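For reference, input15.txt (compact mmCIF, C-alpha atoms):
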# COMPACT_ATOMS: atom_id res chain seq x y z
CA MET A 17 -115.93 16.34 -199.99
CA LYS A 18 -117.82 16.99 -196.75
CA VAL A 19 -116.82 13.56 -195.42
CA GLU A 20 -113.13 14.31 -196.02
CA ILE A 21 -113.38 17.68 -194.20
CA GLN A 22 -115.13 16.09 -191.19
CA THR A 23 -112.53 13.31 -191.07
CA SER A 24 -109.74 15.90 -191.18
CA GLU A 25 -111.33 17.94 -188.38
CA LYS A 26 -111.76 14.81 -186.22
CA SER A 27 -108.11 13.90 -186.83
CA LYS A 28 -107.02 17.42 -185.80
CA LYS A 29 -109.15 17.27 -182.65
CA ALA A 30 -107.69 13.86 -181.75
CA THR A 31 -104.17 15.19 -182.27
CA ILE A 32 -104.91 18.29 -180.15
CA SER A 33 -106.40 16.09 -177.42
CA GLU A 34 -103.33 13.83 -177.42
CA LEU A 35 -101.03 16.85 -177.29
CA HIS A 36 -103.07 18.24 -174.41
CA LYS A 37 -102.85 14.93 -172.53
CA TYR A 38 -99.12 14.74 -173.23
CA GLU A 39 -98.71 18.31 -171.96
CA GLN A 40 -100.64 17.48 -168.79
CA LEU A 41 -98.55 14.32 -168.24
CA ARG A 42 -95.36 16.27 -168.79
CA ASN A 43 -96.51 18.95 -166.35
CA LYS A 44 -97.32 16.28 -163.76
CA LYS A 45 -93.85 14.78 -164.21
CA VAL A 46 -92.24 18.21 -163.85
CA VAL A 47 -94.27 18.90 -160.68
CA SER A 48 -93.38 15.43 -159.28
CA LEU A 49 -89.70 15.95 -160.01
CA PHE A 50 -89.87 19.40 -158.43
CA ILE A 51 -91.49 17.96 -155.28
CA ILE A 52 -88.93 15.14 -155.13
CA LEU A 53 -86.14 17.71 -155.53
CA ILE A 54 -87.58 19.82 -152.70
CA VAL A 55 -87.84 16.74 -150.44
CA ILE A 56 -84.22 15.78 -151.24
CA LEU A 57 -83.05 19.33 -150.58
CA PHE A 58 -84.98 19.36 -147.30
CA PHE A 59 -83.35 16.12 -146.15
CA LEU A 60 -79.92 17.35 -147.25
CA PHE A 61 -80.44 20.57 -145.34
CA TYR A 62 -81.70 18.61 -142.32
CA PHE A 63 -78.67 16.28 -142.32
CA PHE A 64 -76.32 19.21 -142.86
CA TYR A 65 -77.95 21.05 -139.95
CA GLN A 66 -77.77 17.97 -137.67
CA ASN A 67 -74.14 17.35 -138.66
CA ASN A 68 -73.28 20.97 -137.97
CA GLN A 69 -75.03 20.79 -134.58
CA LEU A 70 -73.12 17.61 -133.73
CA LYS A 71 -69.82 19.25 -134.70
CA GLN A 72 -70.67 22.27 -132.55
CA LYS A 73 -71.58 19.98 -129.63
CA ILE A 74 -68.30 18.04 -129.97
CA LYS A 75 -66.40 21.32 -130.22
CA ARG A 76 -68.08 22.68 -127.07
CA LYS A 77 -67.34 19.41 -125.27
CA ASP A 78 -63.67 19.56 -126.32
CA ILE A 79 -63.43 23.17 -125.14
CA LYS A 80 -65.00 22.28 -121.78
CA GLN A 81 -62.64 19.31 -121.44
CA ARG A 82 -59.61 21.48 -122.24
CA ILE A 83 -60.74 24.10 -119.72
CA LEU A 84 -61.28 21.38 -117.08
CA LEU A 85 -57.85 19.87 -117.79
CA ASN A 86 -56.24 23.31 -117.59
CA VAL A 87 -57.97 24.01 -114.27
CA ILE A 88 -56.92 20.61 -112.86
CA ASN A 89 -53.33 21.04 -114.07
CA ALA A 90 -53.14 24.60 -112.76
CA GLY A 91 -54.29 23.35 -109.36
CA ILE A 92 -51.78 20.49 -109.46
CA ASP A 93 -48.93 22.83 -110.49
CA ASN A 94 -49.76 25.20 -107.64
CA GLN A 95 -49.89 22.28 -105.19
CA GLU A 96 -46.50 21.04 -106.32
CA VAL A 97 -44.95 24.50 -106.05
CA GLU A 98 -46.40 24.87 -102.54
CA ARG A 99 -45.22 21.36 -101.63
CA LYS A 100 -41.69 22.28 -102.62
CA LYS A 101 -41.81 25.58 -100.72
CA ILE A 102 -43.15 23.97 -97.54
CA ALA A 103 -40.71 21.04 -97.75
CA SER A 104 -37.81 23.44 -98.27
CA PHE A 105 -38.98 25.62 -95.37
CA LEU A 106 -39.32 22.63 -93.03
CA HIS A 107 -35.97 21.13 -94.02
CA ASP A 108 -33.88 24.28 -94.26
CA ASN A 109 -35.42 26.36 -91.47
CA VAL A 110 -37.49 24.49 -88.89
CA ASN A 111 -35.34 21.35 -88.81
CA SER A 112 -32.19 23.47 -88.70
CA LEU A 113 -33.56 25.42 -85.73
CA LEU A 114 -34.50 22.21 -83.92
CA SER A 115 -31.02 20.77 -84.55
CA SER A 116 -29.48 24.00 -83.28
CA ALA A 117 -31.68 23.95 -80.15
CA GLY A 118 -30.70 20.31 -79.48
CA LEU A 119 -27.01 21.14 -79.96
CA HIS A 120 -27.16 24.10 -77.52
CA LEU A 121 -29.00 21.94 -74.99
CA ASN A 122 -26.32 19.22 -75.23
CA VAL A 123 -23.53 21.79 -74.80
CA PHE A 124 -25.31 23.36 -71.81
CA THR A 125 -25.88 20.01 -70.06
CA THR A 126 -22.27 18.91 -70.72
CA GLN A 127 -20.72 22.16 -69.48
CA ASN A 128 -22.85 22.24 -66.34
CA ASN A 129 -22.80 18.47 -65.78
CA ILE A 130 -26.61 18.35 -65.64
CA ASN A 131 -28.34 15.03 -66.15
CA SER A 132 -31.91 15.62 -65.03
CA GLU A 133 -34.91 13.57 -66.24
CA GLU A 134 -36.67 16.69 -67.56
CA ILE A 135 -33.76 17.58 -69.83
CA GLN A 136 -33.62 14.00 -71.14
CA LYS A 137 -37.35 14.21 -71.92
CA THR A 138 -36.81 17.56 -73.66
CA LYS A 139 -34.05 16.04 -75.81
CA ALA A 140 -36.31 13.09 -76.69
CA ILE A 141 -39.16 15.45 -77.65
CA LEU A 142 -36.84 17.56 -79.82
CA ALA A 143 -35.56 14.42 -81.56
CA GLU A 144 -39.12 13.15 -82.14
CA VAL A 145 -40.28 16.49 -83.56
CA HIS A 146 -37.19 16.57 -85.80
CA ASP A 147 -38.00 13.08 -87.14
CA LEU A 148 -41.69 13.95 -87.67
CA LEU A 149 -40.82 17.09 -89.63
CA ARG A 150 -38.27 15.15 -91.66
CA ASP A 151 -40.95 12.57 -92.56
CA ILE A 152 -43.45 15.32 -93.46
CA SER A 153 -40.83 17.04 -95.59
CA HIS A 154 -40.05 13.71 -97.29
CA ASP A 155 -43.75 13.09 -98.04
CA LEU A 156 -44.11 16.57 -99.53
CA VAL A 157 -41.01 16.35 -101.74
CA PRO A 158 -38.66 13.38 -101.14
CA ALA A 159 -35.04 14.40 -100.63
CA LEU A 160 -33.94 11.46 -102.81
CA LEU A 161 -36.03 12.82 -105.68
CA VAL A 162 -34.45 16.26 -105.47
CA ARG A 163 -30.89 15.06 -104.92
CA PHE A 164 -30.61 11.83 -106.93
CA GLY A 165 -33.58 11.77 -109.32
CA LEU A 166 -36.70 9.85 -110.25
CA LEU A 167 -35.30 6.31 -110.41
CA TYR A 168 -33.74 6.37 -106.94
CA ALA A 169 -36.92 7.96 -105.54
CA LEU A 170 -39.23 5.33 -107.10
CA GLU A 171 -37.04 2.48 -105.85
CA ASP A 172 -37.18 4.01 -102.38
CA LEU A 173 -40.97 4.43 -102.72
CA CYS A 174 -41.28 0.68 -103.43
CA GLU A 175 -39.22 -0.16 -100.35
CA ARG A 176 -41.20 2.19 -98.08
CA ASN A 177 -44.59 0.86 -99.26
CA SER A 178 -43.62 -2.82 -98.96
CA ASN A 179 -44.76 -4.63 -95.82
CA SER A 180 -46.00 -8.04 -94.65
CA SER A 181 -49.25 -7.62 -96.66
CA ILE A 182 -47.92 -6.36 -99.99
CA VAL A 183 -44.55 -6.25 -101.74
CA PHE A 184 -43.60 -3.63 -104.34
CA GLU A 185 -40.84 -4.66 -106.76
CA PHE A 186 -38.90 -2.13 -108.85
CA SER A 187 -37.12 -2.81 -112.16
CA SER A 188 -35.65 -0.51 -114.78
CA THR A 189 -33.51 -0.74 -117.92
CA ILE A 190 -32.57 2.93 -117.47
CA PRO A 191 -29.31 3.79 -115.64
CA THR A 192 -30.23 4.77 -112.06
CA GLU A 193 -28.07 7.89 -112.19
CA LYS A 194 -30.00 9.32 -115.18
CA ARG A 195 -31.76 12.62 -114.49
CA TYR A 196 -34.71 14.27 -116.24
CA VAL A 197 -36.15 17.77 -115.98
CA GLU A 198 -37.06 18.44 -112.34
CA LYS A 199 -40.72 19.28 -113.05
CA PHE A 200 -41.07 16.11 -115.15
CA GLU A 201 -39.56 13.97 -112.37
CA MET A 202 -41.77 15.49 -109.68
CA LYS A 203 -44.99 14.98 -111.63
CA LEU A 204 -44.18 11.36 -112.47
CA TYR A 205 -43.17 10.60 -108.89
CA PHE A 206 -46.46 11.90 -107.49
CA ILE A 207 -48.45 10.07 -110.22
CA VAL A 208 -46.82 6.75 -109.27
CA SER A 209 -47.20 7.54 -105.56
CA GLU A 210 -50.93 8.15 -106.05
CA LEU A 211 -51.33 4.92 -108.03
CA PHE A 212 -49.50 2.99 -105.29
CA SER A 213 -51.92 4.46 -102.72
CA ASN A 214 -54.89 3.28 -104.81
CA ILE A 215 -53.39 -0.22 -105.06
CA ILE A 216 -52.84 -0.41 -101.30
CA LYS A 217 -56.37 0.85 -100.53
CA HIS A 218 -58.45 -1.00 -103.13
CA SER A 219 -56.66 -3.85 -104.93
CA GLU A 220 -56.14 -6.42 -102.13
CA ALA A 221 -52.93 -7.33 -103.99
CA GLU A 222 -50.02 -9.20 -102.42
CA LYS A 223 -47.48 -8.19 -105.06
CA THR A 224 -47.03 -5.18 -107.32
CA THR A 225 -44.28 -4.64 -109.88
CA ILE A 226 -43.25 -1.37 -111.51
CA SER A 227 -40.96 -1.34 -114.54
CA LEU A 228 -39.47 1.56 -116.47
CA ILE A 229 -38.00 1.57 -119.98
CA GLU A 230 -37.20 4.16 -122.62
CA LYS A 231 -38.65 3.27 -126.02
CA ASN A 232 -39.06 5.35 -129.19
CA ASN A 233 -38.12 8.53 -127.33
CA ARG A 234 -40.79 7.83 -124.70
CA LEU A 235 -40.66 6.86 -121.06
CA VAL A 236 -42.84 3.79 -120.50
CA ILE A 237 -43.99 2.94 -116.96
CA VAL A 238 -45.87 -0.33 -116.36
CA ILE A 239 -47.45 -1.06 -112.96
CA HIS A 240 -48.89 -4.55 -112.52
CA ASP A 241 -50.60 -5.94 -109.41
CA ASN A 242 -52.07 -9.38 -108.67
CA GLY A 243 -55.12 -8.00 -106.85
CA LYS A 244 -58.85 -8.55 -107.28
CA GLY A 245 -59.08 -6.46 -110.48
CA PHE A 246 -62.26 -5.05 -111.98
CA THR A 247 -64.17 -4.73 -115.27
CA THR A 248 -62.39 -2.09 -117.36
CA LYS A 249 -65.58 -1.32 -119.32
CA LYS A 250 -66.90 0.26 -116.14
CA THR A 251 -63.68 2.12 -115.38
CA LYS A 252 -64.92 5.51 -116.57
CA ASP A 253 -68.14 5.18 -114.59
CA ALA A 254 -66.22 4.21 -111.46
CA GLU A 255 -63.35 6.70 -111.82
CA GLY A 256 -62.88 9.09 -109.00
CA PHE A 257 -61.23 12.46 -109.07
CA GLY A 258 -57.90 10.76 -108.35
CA LEU A 259 -57.71 8.99 -111.72
CA ASN A 260 -59.05 12.07 -113.49
CA ARG A 261 -56.22 14.10 -111.96
CA ILE A 262 -53.70 11.50 -113.12
CA ARG A 263 -55.15 11.53 -116.66
CA ALA A 264 -55.00 15.33 -116.69
CA ARG A 265 -51.33 15.35 -115.65
CA ILE A 266 -50.35 12.76 -118.26
CA LYS A 267 -52.38 14.47 -121.00
CA LYS A 268 -50.54 17.73 -120.28
CA PHE A 269 -47.32 15.92 -121.23
CA LYS A 270 -49.07 14.57 -124.37
CA GLY A 271 -48.80 11.05 -122.98
CA SER A 272 -51.18 8.11 -122.75
CA PHE A 273 -52.68 6.29 -119.75
CA THR A 274 -54.29 2.88 -120.15
CA ILE A 275 -55.75 0.41 -117.66
CA ASP A 276 -56.16 -3.30 -118.41
CA SER A 277 -57.95 -5.31 -115.74
CA LYS A 278 -60.23 -8.30 -115.23
CA PRO A 279 -61.97 -9.54 -112.09
CA ASN A 280 -59.64 -11.82 -110.06
CA GLU A 281 -56.83 -11.36 -112.61
CA GLY A 282 -55.17 -8.21 -111.33
CA THR A 283 -54.62 -4.85 -113.01
CA LYS A 284 -52.00 -3.53 -115.42
CA ILE A 285 -51.48 0.21 -115.82
CA ARG A 286 -49.37 1.53 -118.68
CA ILE A 287 -48.11 5.11 -118.90
CA LYS A 288 -46.29 6.44 -121.97
CA ILE A 289 -44.89 9.96 -121.91
CA PRO A 290 -42.60 11.69 -124.45
CA LEU A 291 -39.17 12.31 -122.98
CA PRO A 292 -38.46 15.98 -122.16
CA HIS A 293 -35.69 17.76 -124.08

Hey, can you dump this file as structure tokens for me?
Amino acid sequence: MKVEIQTSEKSKKATISELHKYEQLRNKKVVSLFIILIVILFFLFYFFYQNNQLKQKIKRKDIKQRILLNVINAGIDNQEVERKKIASFLHDNVNSLLSSAGLHLNVFTTQNNINSEEIQKTKAILAEVHDLLRDISHDLVPALLVRFGLLYALEDLCERNSNSSIVFEFSSTIPTEKRYVEKFEMKLYFIVSELFSNIIKHSEAEKTTISLIEKNNRLVIVIHDNGKGFTTKKTKDAEGFGLNRIRARIKKFKGSFTIDSKPNEGTKIRIKIPLPH
């Protein structure tokens, strides 16, 4: 009887010991799972925090870029308004006064039969000043652009920039008499004029073509030169304020501006801008 009781007690103790070990193992597993959960939560929080910081950084960068573009465009708009005012003042006032002075001088010399060398010199000076002011007025806002529109003005720009070193060729599928909104025409004219200046200064090209088409309710301008070219991967690093200004103007019209170039293979510039309504 005693042997049976002792055996029973030993069996109970063994069972209790196993239950205790099982409980300890279960507790260890619970603790391990809890630690793993905390680590996972920590990494999730860390990634969420980093992602949020990155979004904030991108947002701040976009805001800065928009502010910069607005500042550049505001400056450009003011310049174009002032250009138009000065050009109008020179053409309508100063040139008119010079023409009037020349006319009175001619009448005076004819009536009094005067033909002195000094008066001839004065007439020559008046004519030269008149021509200089006309050229300045044309550079500020071309008369062709105001009177006949963008296509006539760009064709004239090609002719005026062509010389023995470089030839600019103009082509367009758009009727030459077509007119766009004045502000739109002025901005595009000065963009192309600035790009032509860059080509003349830096490209060492002998020939440049500019073509205009309307496609999918967009105006597409392609300028292609056969100059020395450059590596387009380095374009952003090498960009001056001139190209940044051009990008800002085109972006304001919700257009695109791309440059494709390779060393010794020339450069192709493509501008796409939604047509104004």

If you count all atoms listed in the file, which residues fall within 12 Å of Leu291 (chain A), apart from same-chain ones fewer than 6 positions away, as a VMD selection string?
chain A and resid 195 to 197 200 to 201 204 229 to 236 269 to 271

In terms of all atoms listed in the file, the residue from A:Asn129, A:Ser219, A:Thr274, A:Asn280 at minimal distance from Leu259 (chain A) is A:Thr274

If we count all atoms listed in the file, what is near region 208-215 of chain A at a cut-off of 8 Å, once residues fewer than 5 positions away on the same chain are taken out, given as a VMD selection string?
chain A and resid 173 220 to 221 241 258

Rounded to one decimal, what separation in Å do you get between CA of Arg176 (chain A) and CA of Asn242 (chain A)?
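CA of Asn242 (chain A) lies at a distance of 19.1 Å from CA of Arg176 (chain A).
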
State, in Å with one decimal place, the distance from CA of Ile266 (chain A) to CA of Ile289 (chain A).
7.1 Å

So how far away is CA of Phe273 (chain A) from CA of Ile285 (chain A), in Å?
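Answer for the CA of Ile285 (chain A) to CA of Phe273 (chain A) separation: 7.3 Å.
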